[in-house]
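Participant: I have a structure here, written as structure tokens, and I will follow up with some questions on it.
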Number of protein chains: 2
Amino acid sequence: MANNLDPVWKALSDPTRRAILDLLRTGPKITTEIVEAFPDMTRHAVMKHIDVLRDSDLVNTREEGRRRINSLNPVPIRQIYERWMGPFSELWSSTLLRIKDDVEG
Amino acid sequence: MANNLDPVWKALSDPTRRAILDLLRTGPKITTEIVEAFPDMTRHAVMKHIDVLRDSDLVNTREEGRRRINSLNPVPIRQIYERWMGPFSELWSSTLLRIKDDVEG
DNA sequence: TAGTTACGTTACTCTTTGATTACATATTGG
DNA sequence: CCAATATGTAATCAAAGAGTAACGTAACTA
């Protein structure tokens, strides 16, 4: 298992890629289905994003004939939460945060 | 309150900036203190990272004489968790995930 | 088997980003 | 006041990232 989450952070920094992950949350999709969900972009641009997601292990791809079935791997997202966001969550319940919410809300 | 979390994602995608946030988790720091925590980088490089963190509202800065005191704002991190990671957390406990873990582990 | 479908590879732009260098300003302690 | 401290601005540069375009291959199906 890859232990360095840097590529995952990089992958998540792009809104298109996060949208692809949102899409895959509803179930596996073949590449063409994903491409068609982004009509403002060329097929190749979307495929590059899928490549990045696969390289960072956020998406698994298995081939079935001429189709490639892409499915979400939620493990790296969970790792980001546990390893990095977890420590910050202590601050979410602090008094300072509540004050800030009051001021801004 | 800023509602678009895109700049926050971008800010978090850089390991140096995440390290700065980790540092600020222990309490507010003046700019020079942060700079000195990254001896492999020039002062300006670190300051630019602080600028990005401030622009994305992850860090608040107040001036005190010739010093700038930088403090962590955990709110955007919480928002990322709630708005984006939360929906995925359903999958963390799903059967699909357990099967996947078994296959890959 | 011929044409359509699904996907891949390579190469080339254009923009953004991370970092450096040089110069400048403001504060403060002695 | 003056030198050291703390920070800021501007110009520049290299590398990475996002997107497009052109061409190619393998598989299904009618």
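Labels used: A, B, ... for chains in the order of the structure tokens, numbers from 1 for residues in each chain, and numbers from 1 for ligands as shown.
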Mind checking which residues fall within 12 Å of DC14 in chain C, counting only C-alpha atoms (C1' of nucleotides), ignoring those fewer than 2 positions away in the same chain, and posting them as a list in words?
Facilitator: DC12 and DT16 of chain C; DG17, DA18, DG19 and DT20 of chain D
Participant: Provide as a list in words the residues of chain C at most 12 Å from chain A, counting only C-alpha atoms (C1' of nucleotides).
Facilitator: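 So the residues of chain C near chain A are DT5, DA6, DC7, DG8 and DT9 of chain C.
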Participant: Please produce a file of the residues just selected, as a PDB file, in the first residue's frame, where the atoms kept are N, CA and C atoms (P, O5', C5', C4', C3', O3' and C1' of nucleotides).
Facilitator:
ATOM      1  P    DT C   5     -20.781   4.573 -33.367  1.00  0.00           P
ATOM      2  O5'  DT C   5     -20.035   3.811 -32.180  1.00  0.00           O
ATOM      3  C5'  DT C   5     -20.359   2.454 -31.918  1.00  0.00           C
ATOM      4  C4'  DT C   5     -19.409   1.893 -30.890  1.00  0.00           C
ATOM      5  C3'  DT C   5     -19.022   2.864 -29.766  1.00  0.00           C
ATOM      6  O3'  DT C   5     -19.119   2.181 -28.535  1.00  0.00           O
ATOM      7  C1'  DT C   5     -17.083   1.983 -30.783  1.00  0.00           C
ATOM      8  P    DA C   6     -19.072   2.956 -27.167  1.00  0.00           P
ATOM      9  O5'  DA C   6     -17.556   2.721 -26.769  1.00  0.00           O
ATOM     10  C5'  DA C   6     -17.153   1.435 -26.331  1.00  0.00           C
ATOM     11  C4'  DA C   6     -15.692   1.472 -25.976  1.00  0.00           C
ATOM     12  C3'  DA C   6     -15.286   2.639 -25.071  1.00  0.00           C
ATOM     13  O3'  DA C   6     -14.648   2.119 -23.910  1.00  0.00           O
ATOM     14  C1'  DA C   6     -13.833   2.469 -26.932  1.00  0.00           C
ATOM     15  P    DC C   7     -14.133   3.160 -22.775  1.00  0.00           P
ATOM     16  O5'  DC C   7     -12.609   3.316 -23.176  1.00  0.00           O
ATOM     17  C5'  DC C   7     -11.811   2.146 -23.251  1.00  0.00           C
ATOM     18  C4'  DC C   7     -10.533   2.455 -23.982  1.00  0.00           C
ATOM     19  C3'  DC C   7      -9.629   3.479 -23.309  1.00  0.00           C
ATOM     20  O3'  DC C   7      -8.549   2.797 -22.677  1.00  0.00           O
ATOM     21  C1'  DC C   7      -9.656   3.660 -25.685  1.00  0.00           C
ATOM     22  P    DG C   8      -7.374   3.618 -21.995  1.00  0.00           P
ATOM     23  O5'  DG C   8      -6.313   3.761 -23.180  1.00  0.00           O
ATOM     24  C5'  DG C   8      -5.894   2.609 -23.868  1.00  0.00           C
ATOM     25  C4'  DG C   8      -4.733   2.940 -24.779  1.00  0.00           C
ATOM     26  C3'  DG C   8      -3.680   3.856 -24.146  1.00  0.00           C
ATOM     27  O3'  DG C   8      -2.393   3.297 -24.350  1.00  0.00           O
ATOM     28  C1'  DG C   8      -4.440   4.773 -26.195  1.00  0.00           C
ATOM     29  P    DT C   9      -1.131   3.937 -23.648  1.00  0.00           P
ATOM     30  O5'  DT C   9      -0.406   4.741 -24.825  1.00  0.00           O
ATOM     31  C5'  DT C   9      -0.427   4.217 -26.135  1.00  0.00           C
ATOM     32  C4'  DT C   9       0.376   5.126 -27.061  1.00  0.00           C
ATOM     33  C3'  DT C   9       1.448   5.971 -26.370  1.00  0.00           C
ATOM     34  O3'  DT C   9       2.639   5.904 -27.128  1.00  0.00           O
ATOM     35  C1'  DT C   9      -0.055   7.375 -27.556  1.00  0.00           C
TER      36       DT C   9
END
Participant: Could you fit chain B onto chain A by least squares over every C-alpha atom, paired in order, and give me the moved chain as an mmCIF file with N, CA and C atoms, in the first residue's frame?
Facilitator:
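Now in superposed21.cif:
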data_model
loop_
_atom_site.group_PDB
_atom_site.id
_atom_site.type_symbol
_atom_site.label_atom_id
_atom_site.label_comp_id
_atom_site.auth_asym_id
_atom_site.auth_seq_id
_atom_site.Cartn_x
_atom_site.Cartn_y
_atom_site.Cartn_z
ATOM 1 N N MET B 1 1.084 -0.897 0.176
ATOM 2 C CA MET B 1 0.200 0.274 0.148
ATOM 3 C C MET B 1 1.022 1.551 0.156
ATOM 4 N N ALA B 2 0.667 2.454 -0.731
ATOM 5 C CA ALA B 2 1.394 3.717 -0.799
ATOM 6 C C ALA B 2 1.135 4.536 0.466
ATOM 7 N N ASN B 3 2.189 5.056 1.043
ATOM 8 C CA ASN B 3 2.046 5.775 2.302
ATOM 9 C C ASN B 3 2.097 7.280 2.131
ATOM 10 N N ASN B 4 2.590 7.717 0.998
ATOM 11 C CA ASN B 4 2.699 9.146 0.766
ATOM 12 C C ASN B 4 1.410 9.658 0.126
ATOM 13 N N LEU B 5 0.748 10.534 0.832
ATOM 14 C CA LEU B 5 -0.548 11.010 0.350
ATOM 15 C C LEU B 5 -0.433 12.262 -0.512
ATOM 16 N N ASP B 6 0.784 12.720 -0.758
ATOM 17 C CA ASP B 6 0.958 13.909 -1.596
ATOM 18 C C ASP B 6 0.246 13.806 -2.943
ATOM 19 N N PRO B 7 0.445 12.724 -3.694
ATOM 20 C CA PRO B 7 -0.254 12.619 -4.980
ATOM 21 C C PRO B 7 -1.769 12.628 -4.816
ATOM 22 N N VAL B 8 -2.247 12.130 -3.713
ATOM 23 C CA VAL B 8 -3.697 12.139 -3.475
ATOM 24 C C VAL B 8 -4.183 13.572 -3.304
ATOM 25 N N TRP B 9 -3.464 14.349 -2.490
ATOM 26 C CA TRP B 9 -3.824 15.764 -2.331
ATOM 27 C C TRP B 9 -3.814 16.480 -3.671
ATOM 28 N N LYS B 10 -2.748 16.251 -4.450
ATOM 29 C CA LYS B 10 -2.654 16.895 -5.764
ATOM 30 C C LYS B 10 -3.850 16.500 -6.624
ATOM 31 N N ALA B 11 -4.176 15.213 -6.609
ATOM 32 C CA ALA B 11 -5.281 14.740 -7.437
ATOM 33 C C ALA B 11 -6.595 15.395 -7.013
ATOM 34 N N LEU B 12 -6.770 15.548 -5.725
ATOM 35 C CA LEU B 12 -8.026 16.102 -5.220
ATOM 36 C C LEU B 12 -8.129 17.610 -5.416
ATOM 37 N N SER B 13 -7.013 18.258 -5.732
ATOM 38 C CA SER B 13 -7.042 19.719 -5.825
ATOM 39 C C SER B 13 -7.777 20.203 -7.076
ATOM 40 N N ASP B 14 -8.050 19.317 -8.016
ATOM 41 C CA ASP B 14 -8.730 19.732 -9.243
ATOM 42 C C ASP B 14 -10.224 19.426 -9.170
ATOM 43 N N PRO B 15 -11.065 20.445 -9.442
ATOM 44 C CA PRO B 15 -12.515 20.255 -9.320
ATOM 45 C C PRO B 15 -13.062 19.192 -10.273
ATOM 46 N N THR B 16 -12.502 19.105 -11.474
ATOM 47 C CA THR B 16 -12.976 18.074 -12.410
ATOM 48 C C THR B 16 -12.734 16.678 -11.840
ATOM 49 N N ARG B 17 -11.568 16.499 -11.237
ATOM 50 C CA ARG B 17 -11.267 15.171 -10.693
ATOM 51 C C ARG B 17 -12.161 14.862 -9.501
ATOM 52 N N ARG B 18 -12.464 15.872 -8.697
ATOM 53 C CA ARG B 18 -13.389 15.615 -7.586
ATOM 54 C C ARG B 18 -14.772 15.269 -8.118
ATOM 55 N N ALA B 19 -15.145 15.908 -9.248
ATOM 56 C CA ALA B 19 -16.450 15.588 -9.845
ATOM 57 C C ALA B 19 -16.453 14.150 -10.365
ATOM 58 N N ILE B 20 -15.340 13.708 -10.917
ATOM 59 C CA ILE B 20 -15.259 12.316 -11.396
ATOM 60 C C ILE B 20 -15.428 11.358 -10.215
ATOM 61 N N LEU B 21 -14.792 11.684 -9.116
ATOM 62 C CA LEU B 21 -14.934 10.817 -7.936
ATOM 63 C C LEU B 21 -16.371 10.823 -7.433
ATOM 64 N N ASP B 22 -17.005 12.003 -7.464
ATOM 65 C CA ASP B 22 -18.414 12.070 -7.076
ATOM 66 C C ASP B 22 -19.254 11.143 -7.958
ATOM 67 N N LEU B 23 -18.928 11.178 -9.263
ATOM 68 C CA LEU B 23 -19.650 10.331 -10.215
ATOM 69 C C LEU B 23 -19.437 8.854 -9.900
ATOM 70 N N LEU B 24 -18.208 8.502 -9.593
ATOM 71 C CA LEU B 24 -17.907 7.087 -9.332
ATOM 72 C C LEU B 24 -18.484 6.614 -8.007
ATOM 73 N N ARG B 25 -18.863 7.567 -7.168
ATOM 74 C CA ARG B 25 -19.473 7.191 -5.899
ATOM 75 C C ARG B 25 -20.794 6.442 -6.134
ATOM 76 N N THR B 26 -21.418 6.700 -7.279
ATOM 77 C CA THR B 26 -22.689 6.030 -7.589
ATOM 78 C C THR B 26 -22.462 4.650 -8.187
ATOM 79 N N GLY B 27 -21.209 4.280 -8.404
ATOM 80 C CA GLY B 27 -20.923 2.965 -8.958
ATOM 81 C C GLY B 27 -19.865 3.041 -10.048
ATOM 82 N N PRO B 28 -19.265 1.913 -10.429
ATOM 83 C CA PRO B 28 -18.230 1.884 -11.474
ATOM 84 C C PRO B 28 -18.773 2.368 -12.809
ATOM 85 N N LYS B 29 -17.881 2.985 -13.575
ATOM 86 C CA LYS B 29 -18.263 3.532 -14.882
ATOM 87 C C LYS B 29 -17.158 3.215 -15.891
ATOM 88 N N ILE B 30 -17.536 2.965 -17.143
ATOM 89 C CA ILE B 30 -16.512 2.833 -18.166
ATOM 90 C C ILE B 30 -16.043 4.221 -18.575
ATOM 91 N N THR B 31 -14.848 4.260 -19.156
ATOM 92 C CA THR B 31 -14.219 5.545 -19.469
ATOM 93 C C THR B 31 -15.141 6.441 -20.299
ATOM 94 N N THR B 32 -15.784 5.870 -21.298
ATOM 95 C CA THR B 32 -16.645 6.679 -22.165
ATOM 96 C C THR B 32 -17.801 7.307 -21.394
ATOM 97 N N GLU B 33 -18.336 6.572 -20.457
ATOM 98 C CA GLU B 33 -19.418 7.142 -19.637
ATOM 99 C C GLU B 33 -18.928 8.371 -18.888
ATOM 100 N N ILE B 34 -17.734 8.274 -18.327
ATOM 101 C CA ILE B 34 -17.181 9.417 -17.597
ATOM 102 C C ILE B 34 -16.946 10.581 -18.549
ATOM 103 N N VAL B 35 -16.376 10.280 -19.712
ATOM 104 C CA VAL B 35 -16.104 11.329 -20.705
ATOM 105 C C VAL B 35 -17.388 12.063 -21.062
ATOM 106 N N GLU B 36 -18.469 11.302 -21.257
ATOM 107 C CA GLU B 36 -19.723 11.928 -21.672
ATOM 108 C C GLU B 36 -20.347 12.784 -20.578
ATOM 109 N N ALA B 37 -19.919 12.584 -19.356
ATOM 110 C CA ALA B 37 -20.433 13.397 -18.264
ATOM 111 C C ALA B 37 -19.801 14.794 -18.267
ATOM 112 N N PHE B 38 -18.784 14.993 -19.081
ATOM 113 C CA PHE B 38 -18.102 16.288 -19.148
ATOM 114 C C PHE B 38 -18.074 16.765 -20.595
ATOM 115 N N PRO B 39 -19.226 17.222 -21.097
ATOM 116 C CA PRO B 39 -19.324 17.588 -22.516
ATOM 117 C C PRO B 39 -18.518 18.826 -22.884
ATOM 118 N N ASP B 40 -18.113 19.609 -21.887
ATOM 119 C CA ASP B 40 -17.356 20.822 -22.194
ATOM 120 C C ASP B 40 -15.863 20.552 -22.346
ATOM 121 N N MET B 41 -15.480 19.293 -22.229
ATOM 122 C CA MET B 41 -14.068 18.958 -22.267
ATOM 123 C C MET B 41 -13.843 17.876 -23.317
ATOM 124 N N THR B 42 -12.666 17.884 -23.900
ATOM 125 C CA THR B 42 -12.381 16.825 -24.869
ATOM 126 C C THR B 42 -12.188 15.494 -24.144
ATOM 127 N N ARG B 43 -12.318 14.436 -24.913
ATOM 128 C CA ARG B 43 -12.143 13.100 -24.352
ATOM 129 C C ARG B 43 -10.765 12.959 -23.700
ATOM 130 N N HIS B 44 -9.769 13.522 -24.360
ATOM 131 C CA HIS B 44 -8.412 13.323 -23.864
ATOM 132 C C HIS B 44 -8.173 14.048 -22.551
ATOM 133 N N ALA B 45 -8.774 15.202 -22.436
ATOM 134 C CA ALA B 45 -8.620 15.936 -21.175
ATOM 135 C C ALA B 45 -9.193 15.118 -20.025
ATOM 136 N N VAL B 46 -10.384 14.563 -20.242
ATOM 137 C CA VAL B 46 -10.998 13.758 -19.183
ATOM 138 C C VAL B 46 -10.156 12.516 -18.903
ATOM 139 N N MET B 47 -9.661 11.886 -19.957
ATOM 140 C CA MET B 47 -8.859 10.677 -19.757
ATOM 141 C C MET B 47 -7.584 10.967 -18.966
ATOM 142 N N LYS B 48 -7.030 12.138 -19.208
ATOM 143 C CA LYS B 48 -5.837 12.510 -18.437
ATOM 144 C C LYS B 48 -6.175 12.617 -16.951
ATOM 145 N N HIS B 49 -7.333 13.200 -16.673
ATOM 146 C CA HIS B 49 -7.748 13.307 -15.274
ATOM 147 C C HIS B 49 -7.924 11.917 -14.664
ATOM 148 N N ILE B 50 -8.493 11.006 -15.448
ATOM 149 C CA ILE B 50 -8.656 9.635 -14.945
ATOM 150 C C ILE B 50 -7.279 9.021 -14.682
ATOM 151 N N ASP B 51 -6.318 9.298 -15.570
ATOM 152 C CA ASP B 51 -4.957 8.796 -15.363
ATOM 153 C C ASP B 51 -4.399 9.272 -14.021
ATOM 154 N N VAL B 52 -4.591 10.565 -13.755
ATOM 155 C CA VAL B 52 -4.076 11.116 -12.498
ATOM 156 C C VAL B 52 -4.735 10.420 -11.308
ATOM 157 N N LEU B 53 -6.039 10.203 -11.418
ATOM 158 C CA LEU B 53 -6.749 9.550 -10.321
ATOM 159 C C LEU B 53 -6.254 8.113 -10.141
ATOM 160 N N ARG B 54 -5.941 7.461 -11.251
ATOM 161 C CA ARG B 54 -5.447 6.088 -11.146
ATOM 162 C C ARG B 54 -4.033 6.077 -10.556
ATOM 163 N N ASP B 55 -3.194 7.009 -10.983
ATOM 164 C CA ASP B 55 -1.832 7.067 -10.468
ATOM 165 C C ASP B 55 -1.801 7.334 -8.963
ATOM 166 N N SER B 56 -2.794 8.042 -8.480
ATOM 167 C CA SER B 56 -2.825 8.330 -7.049
ATOM 168 C C SER B 56 -3.668 7.296 -6.299
ATOM 169 N N ASP B 57 -4.050 6.259 -6.980
ATOM 170 C CA ASP B 57 -4.730 5.111 -6.358
ATOM 171 C C ASP B 57 -6.142 5.447 -5.887
ATOM 172 N N LEU B 58 -6.698 6.542 -6.406
ATOM 173 C CA LEU B 58 -8.071 6.871 -6.032
ATOM 174 C C LEU B 58 -9.077 6.135 -6.912
ATOM 175 N N VAL B 59 -8.590 5.651 -8.041
ATOM 176 C CA VAL B 59 -9.463 4.934 -8.973
ATOM 177 C C VAL B 59 -8.761 3.666 -9.423
ATOM 178 N N ASN B 60 -9.499 2.577 -9.414
ATOM 179 C CA ASN B 60 -8.993 1.321 -9.959
ATOM 180 C C ASN B 60 -9.623 1.097 -11.323
ATOM 181 N N THR B 61 -8.823 0.552 -12.234
ATOM 182 C CA THR B 61 -9.326 0.282 -13.576
ATOM 183 C C THR B 61 -9.082 -1.179 -13.926
ATOM 184 N N ARG B 62 -10.143 -1.824 -14.395
ATOM 185 C CA ARG B 62 -9.926 -3.169 -14.938
ATOM 186 C C ARG B 62 -10.472 -3.199 -16.357
ATOM 187 N N GLU B 63 -9.810 -3.976 -17.199
ATOM 188 C CA GLU B 63 -10.206 -4.024 -18.599
ATOM 189 C C GLU B 63 -11.177 -5.171 -18.813
ATOM 190 N N GLU B 64 -12.130 -4.908 -19.676
ATOM 191 C CA GLU B 64 -13.106 -5.924 -20.035
ATOM 192 C C GLU B 64 -13.359 -5.764 -21.533
ATOM 193 N N GLY B 65 -12.679 -6.560 -22.308
ATOM 194 C CA GLY B 65 -12.741 -6.389 -23.748
ATOM 195 C C GLY B 65 -12.146 -5.053 -24.130
ATOM 196 N N ARG B 66 -12.892 -4.296 -24.905
ATOM 197 C CA ARG B 66 -12.359 -2.985 -25.308
ATOM 198 C C ARG B 66 -12.761 -1.902 -24.323
ATOM 199 N N ARG B 67 -13.432 -2.292 -23.271
ATOM 200 C CA ARG B 67 -13.873 -1.320 -22.285
ATOM 201 C C ARG B 67 -12.948 -1.273 -21.071
ATOM 202 N N ARG B 68 -12.850 -0.120 -20.440
ATOM 203 C CA ARG B 68 -12.116 0.016 -19.182
ATOM 204 C C ARG B 68 -13.106 0.438 -18.109
ATOM 205 N N ILE B 69 -13.199 -0.370 -17.110
ATOM 206 C CA ILE B 69 -14.163 -0.111 -16.046
ATOM 207 C C ILE B 69 -13.448 0.545 -14.872
ATOM 208 N N ASN B 70 -13.861 1.762 -14.564
ATOM 209 C CA ASN B 70 -13.213 2.547 -13.511
ATOM 210 C C ASN B 70 -14.069 2.528 -12.250
ATOM 211 N N SER B 71 -13.420 2.205 -11.142
ATOM 212 C CA SER B 71 -14.167 2.173 -9.888
ATOM 213 C C SER B 71 -13.415 2.954 -8.817
ATOM 214 N N LEU B 72 -14.188 3.499 -7.915
ATOM 215 C CA LEU B 72 -13.644 4.338 -6.849
ATOM 216 C C LEU B 72 -12.947 3.498 -5.794
ATOM 217 N N ASN B 73 -11.796 4.008 -5.340
ATOM 218 C CA ASN B 73 -11.136 3.421 -4.173
ATOM 219 C C ASN B 73 -11.160 4.456 -3.047
ATOM 220 N N PRO B 74 -12.017 4.276 -2.058
ATOM 221 C CA PRO B 74 -12.172 5.299 -1.023
ATOM 222 C C PRO B 74 -11.064 5.293 0.024
ATOM 223 N N VAL B 75 -10.150 4.334 -0.048
ATOM 224 C CA VAL B 75 -9.138 4.209 1.008
ATOM 225 C C VAL B 75 -8.278 5.463 1.158
ATOM 226 N N PRO B 76 -7.703 6.020 0.070
ATOM 227 C CA PRO B 76 -6.860 7.205 0.255
ATOM 228 C C PRO B 76 -7.621 8.384 0.857
ATOM 229 N N ILE B 77 -8.900 8.495 0.527
ATOM 230 C CA ILE B 77 -9.689 9.585 1.092
ATOM 231 C C ILE B 77 -9.820 9.397 2.597
ATOM 232 N N ARG B 78 -10.051 8.155 2.984
ATOM 233 C CA ARG B 78 -10.136 7.895 4.417
ATOM 234 C C ARG B 78 -8.806 8.205 5.102
ATOM 235 N N GLN B 79 -7.708 7.845 4.436
ATOM 236 C CA GLN B 79 -6.388 8.090 5.032
ATOM 237 C C GLN B 79 -6.139 9.584 5.220
ATOM 238 N N ILE B 80 -6.546 10.365 4.227
ATOM 239 C CA ILE B 80 -6.389 11.819 4.371
ATOM 240 C C ILE B 80 -7.181 12.305 5.573
ATOM 241 N N TYR B 81 -8.361 11.803 5.699
ATOM 242 C CA TYR B 81 -9.154 12.231 6.853
ATOM 243 C C TYR B 81 -8.471 11.829 8.155
ATOM 244 N N GLU B 82 -8.081 10.569 8.235
ATOM 245 C CA GLU B 82 -7.551 10.066 9.512
ATOM 246 C C GLU B 82 -6.217 10.701 9.873
ATOM 247 N N ARG B 83 -5.343 10.802 8.865
ATOM 248 C CA ARG B 83 -3.981 11.256 9.178
ATOM 249 C C ARG B 83 -3.867 12.762 9.260
ATOM 250 N N TRP B 84 -4.689 13.459 8.505
ATOM 251 C CA TRP B 84 -4.469 14.899 8.463
ATOM 252 C C TRP B 84 -5.633 15.708 9.020
ATOM 253 N N MET B 85 -6.840 15.341 8.663
ATOM 254 C CA MET B 85 -7.964 16.147 9.131
ATOM 255 C C MET B 85 -8.336 15.808 10.566
ATOM 256 N N GLY B 86 -8.095 14.578 10.951
ATOM 257 C CA GLY B 86 -8.436 14.156 12.305
ATOM 258 C C GLY B 86 -7.890 15.099 13.364
ATOM 259 N N PRO B 87 -6.579 15.384 13.339
ATOM 260 C CA PRO B 87 -6.017 16.293 14.345
ATOM 261 C C PRO B 87 -6.700 17.658 14.371
ATOM 262 N N PHE B 88 -7.177 18.114 13.222
ATOM 263 C CA PHE B 88 -7.846 19.413 13.202
ATOM 264 C C PHE B 88 -9.250 19.343 13.795
ATOM 265 N N SER B 89 -9.814 18.153 13.719
ATOM 266 C CA SER B 89 -11.204 18.036 14.172
ATOM 267 C C SER B 89 -11.328 18.339 15.661
ATOM 268 N N GLU B 90 -10.219 18.223 16.375
ATOM 269 C CA GLU B 90 -10.261 18.624 17.782
ATOM 270 C C GLU B 90 -10.645 20.088 17.918
ATOM 271 N N LEU B 91 -10.175 20.886 16.962
ATOM 272 C CA LEU B 91 -10.444 22.322 17.031
ATOM 273 C C LEU B 91 -11.888 22.651 16.664
ATOM 274 N N TRP B 92 -12.530 21.749 15.937
ATOM 275 C CA TRP B 92 -13.887 22.043 15.497
ATOM 276 C C TRP B 92 -14.834 22.214 16.677
ATOM 277 N N SER B 93 -14.508 21.557 17.756
ATOM 278 C CA SER B 93 -15.406 21.617 18.901
ATOM 279 C C SER B 93 -14.842 22.488 20.016
ATOM 280 N N SER B 94 -13.723 23.148 19.725
ATOM 281 C CA SER B 94 -13.065 23.891 20.799
ATOM 282 C C SER B 94 -13.752 25.224 21.063
ATOM 283 N N THR B 95 -13.465 25.770 22.198
ATOM 284 C CA THR B 95 -14.004 27.080 22.540
ATOM 285 C C THR B 95 -13.502 28.131 21.569
ATOM 286 N N LEU B 96 -12.234 28.020 21.203
ATOM 287 C CA LEU B 96 -11.657 29.007 20.299
ATOM 288 C C LEU B 96 -12.471 29.120 19.032
ATOM 289 N N LEU B 97 -12.874 27.963 18.503
ATOM 290 C CA LEU B 97 -13.636 27.988 17.268
ATOM 291 C C LEU B 97 -14.978 28.683 17.467
ATOM 292 N N ARG B 98 -15.611 28.388 18.577
ATOM 293 C CA ARG B 98 -16.910 29.005 18.813
ATOM 294 C C ARG B 98 -16.769 30.517 18.925
ATOM 295 N N ILE B 99 -15.734 30.962 19.615
ATOM 296 C CA ILE B 99 -15.503 32.400 19.714
ATOM 297 C C ILE B 99 -15.309 32.990 18.330
ATOM 298 N N LYS B 100 -14.483 32.296 17.540
ATOM 299 C CA LYS B 100 -14.204 32.774 16.199
ATOM 300 C C LYS B 100 -15.489 32.854 15.368
ATOM 301 N N ASP B 101 -16.304 31.834 15.454
ATOM 302 C CA ASP B 101 -17.564 31.854 14.722
ATOM 303 C C ASP B 101 -18.408 33.048 15.134
ATOM 304 N N ASP B 102 -18.446 33.318 16.420
ATOM 305 C CA ASP B 102 -19.237 34.438 16.911
ATOM 306 C C ASP B 102 -18.712 35.751 16.335
ATOM 307 N N VAL B 103 -17.409 35.916 16.371
ATOM 308 C CA VAL B 103 -16.816 37.152 15.887
ATOM 309 C C VAL B 103 -17.093 37.355 14.408
ATOM 310 N N GLU B 104 -16.912 36.273 13.616
ATOM 311 C CA GLU B 104 -17.032 36.411 12.170
ATOM 312 C C GLU B 104 -18.474 36.333 11.683
ATOM 313 N N GLY B 105 -19.268 35.561 12.399
ATOM 314 C CA GLY B 105 -20.638 35.400 11.940
ATOM 315 C C GLY B 105 -21.398 36.686 12.163
#
Participant: Run DSSP on the backbone and grab whatever in range 42-92 of chain B lands in strand (DSSP E); send it over as an NGL selection string.
Facilitator: :B and (59-64 or 67-72)
Participant: Distance limit 9 Å, atoms considered: only C-alpha atoms (C1' of nucleotides). Which chain D residues sit that close to chain B? Return them as a list in words.
Facilitator: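 Selected residues: DT5, DA6 and DT7 of chain D.
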Participant: Please, what distance in Å, to one decimal, runs between C1' of DT1 in chain C and C1' of DA22 in chain D?
Facilitator: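 Going from C1' of DT1 in chain C over to C1' of DA22 in chain D covers 27.0 Å.
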Participant: Any idea what the distance is between C1' of DA11 in chain D and C1' of DA26 in chain C?
Facilitator: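 It comes out at 22.4 Å.
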Participant: Go ahead and compute the interatomic distance for C1' of DT9 in chain D and C1' of DA24 in chain C, in Å to one decimal.
Facilitator: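 A separation of 7.5 Å between them.
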Participant: List every residue of range 15-69 of chain B that DSSP, applied to the backbone, labels as alpha helix (DSSP H), and write the result as a ChimeraX atom specification.
Facilitator: /B:15-24,31-36,43-55
